[in-house]
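K.L.:
Dropping a structure here in structure tokens format, bear with me for questions.
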Amino acid sequence: MKKLKAVVPATTANLGAGFDTFGLALSLYNEFEVEEHDGVVIETVPENPFLEKPENNLFVQVLKYMCEKRRKTFYGAKVKQISNIPVARGLGSSATAIVAGILISAAVSKTELTDELFFETAYRFEPHPDNLLPAWKGGFTTALLSEGKTYYQKIPFPEDIKAVVAVPDFELSTEKARSVLPEKIPLKDGIFNVQRASLFLTALINRRYDLLKIAMEDRFHQPYRKKLIPGFDDVLKEAYNGGALGVSLSGAGPSVVALSVENHQEIGERMVYAFRRNGVQSSFMVLDVDTEGAKVEILE
């Protein structure tokens, strides 16, 4: 096997009302280099002893599964994993490992990567197409899973909108973020979210940026998850004071994403200040929307 590299973008999911539906790829990337090797050797940049153990490394686990799925013996791999996406911050870091593993395995075996193969494999590791799809395809996607089949569409996202992402210095696992959600919600909250998710899509298509603030309101998950994130309401308020078009929790959190066409620096600084005022250290990034998705290249 030649030395291959996969580059996979970060994602932000939900975007307010589009819970478990909307996903957006961002211009922040994890890189995975791999070549044949007897046994598994993993180098991480920055160094992460946890991920250097094969049983903890999602990318290696996907490689192993894809190999065994073809009834081949997995003898090992030499892996270099360059992680630029913060872990457990709601930016799809686990999705990048899954997507990279699937794409590299398909490239090595010269297998056509159909939707069926991709999702059958990916869902064994993460059942969330709202993160997996934009990491794979790039851009803005809507997705749903019904009776074992994934339905999705990708629509153009306005190229002048950037994502200002405030990243707190603590982790929040998806499992914990889901554990605080109620099993049932009132009908009025369901209507509230359907209306706003629909408005979000039409506002993007018609470039009615003035509608994004109300379109990104949510009653499905943010009211419950914000209890795990000190200063969440304050961060949203400061982002809007800085000129953000719409603000929401990024995925399961704890990162907060603000969509904007100007004042990116001020919005980011205000969000960081709001977190600090609530006892949380954070940093921010100004990111473009990635429109191309994951890429695989031959290094040598």
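Numbering starts fresh at 1 for the residues of each chain in the structure tokens, the chains themselves are lettered A, B, ... in the order given, and ligands are numbered from 1 as they appear.
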Residues of stretch 146-174 of chain A that approach stretch 186-205 of chain A to 10 Å or less, counting only C-alpha atoms: could you list each one with the shortest pair of atoms and its distance in Å to one decimal, rows by chain and increasing residue number, as a tab-separated table?
P.N.:
residue	atom	partner	partner_atom	distance
A:Ile155	CA	A:Ile205	CA	8.5
A:Pro156	CA	A:Ile205	CA	7.9
A:Phe157	CA	A:Leu204	CA	6.8
A:Pro158	CA	A:Leu204	CA	6.8
K.L.:
Looking only at strand (DSSP E) from DSSP on the backbone, list the matching residues of stretch 105-286 of chain A as a VMD selection string.
P.N.:
chain A and resid 140 to 146 149 to 155 162 to 168 246 to 249 256 to 260 282 to 286
K.L.:
Using only C-alpha atoms, determine which residues lie at most 7 Å from stretch 71-88 of chain A, disregarding the query and same-chain residues fewer than 3 positions distant; provide the list as a list in words.
P.N.:
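The residues satisfying every condition are Ala10, Leu28, Tyr29, Asn30, Glu31, Phe32, Glu33, Val34, Glu35, Glu36, His37, Asp38, Gly39, Val40, Val41, Ile42, Glu43, Thr44, Val45, Pro46, Lys64, Cys67, Glu68, Leu91, Ser93, Glu171, Leu172 and Ser173 of chain A.
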K.L.:
Determine, using only C-alpha atoms, which residues of stretch 9-67 of chain A have any atom at most 6 Å from an atom of stretch 241-258 of chain A, and tabulate each with its shortest atom pair and distance in Å to one decimal place, rows ordered by chain and then rising number, as a tab-separated table.
P.N.:
residue	atom	partner	partner_atom	distance
A:Thr12	CA	A:Ser250	CA	5.2
A:Ala13	CA	A:Gly251	CA	4.4
A:Asn14	CA	A:Gly251	CA	5.8
A:Leu15	CA	A:Ser248	CA	5.7
A:Gly16	CA	A:Ser248	CA	5.2
K.L.:
Write out the residues from the selection above, keeping C-alpha atoms, as a short mmCIF file (atom, residue, chain, number, x, y, z; two decimals), in the first residue's frame.
P.N.:
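The result, stored in selection.cif:
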data_model
loop_
_atom_site.label_atom_id
_atom_site.label_comp_id
_atom_site.auth_asym_id
_atom_site.auth_seq_id
_atom_site.Cartn_x
_atom_site.Cartn_y
_atom_site.Cartn_z
CA THR A 12 -20.95 22.17 13.22
CA ALA A 13 -24.32 20.46 13.56
CA ASN A 14 -27.87 21.52 14.43
CA LEU A 15 -27.40 25.29 13.91
CA GLY A 16 -30.18 25.92 16.37
#
K.L.:
Could you state the separation of atom CA of A:Ala17 and atom CA of A:Lys154 in Å, given to one decimal place?
P.N.:
17.5 Å
K.L.:
Tell me which of A:Leu211, A:Ser94, A:Val7, A:Glu55 sits closest to A:Ser27, counting only C-alpha atoms.
P.N.:
A:Val7
K.L.:
Report the distance between atom CA of A:Gly90 and atom CA of A:Leu4 in Å, rounded to one decimal place.
P.N.:
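Taking atom CA of A:Gly90 as the start and atom CA of A:Leu4 as the end point, the length is 27.3 Å.
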K.L.:
What is the atom CA of A:Ser109-atom CA of A:Glu297 distance in Å, reported with one decimal?
P.N.:
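Going from atom CA of A:Ser109 over to atom CA of A:Glu297, I get 14.5 Å.
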K.L.:
Using only C-alpha atoms, which of A:Glu112, A:Thr21, A:Thr11, A:Ile214 sits nearest A:Leu145?
P.N.:
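Closest to A:Leu145, using only C-alpha atoms: A:Thr21.
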K.L.:
Where in stretch 30-62 of chain A does DSSP assign alpha helix (DSSP H), given as an MDAnalysis selection string?
P.N.:
chainID A and resid 58:62
K.L.:
With only C-alpha atoms as the atoms that count, which of A:Glu126, A:Glu269, A:Glu116, A:Asp233 lies nearest to A:Thr174?
P.N.:
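When distances to A:Thr174 are compared using only C-alpha atoms, the smallest one comes from A:Glu126.
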K.L.:
Tell me which of A:Lys3, A:Gln265, A:Leu181, A:Ala274 sits closest to A:Leu228, counting only C-alpha atoms.
P.N.:
A:Leu181
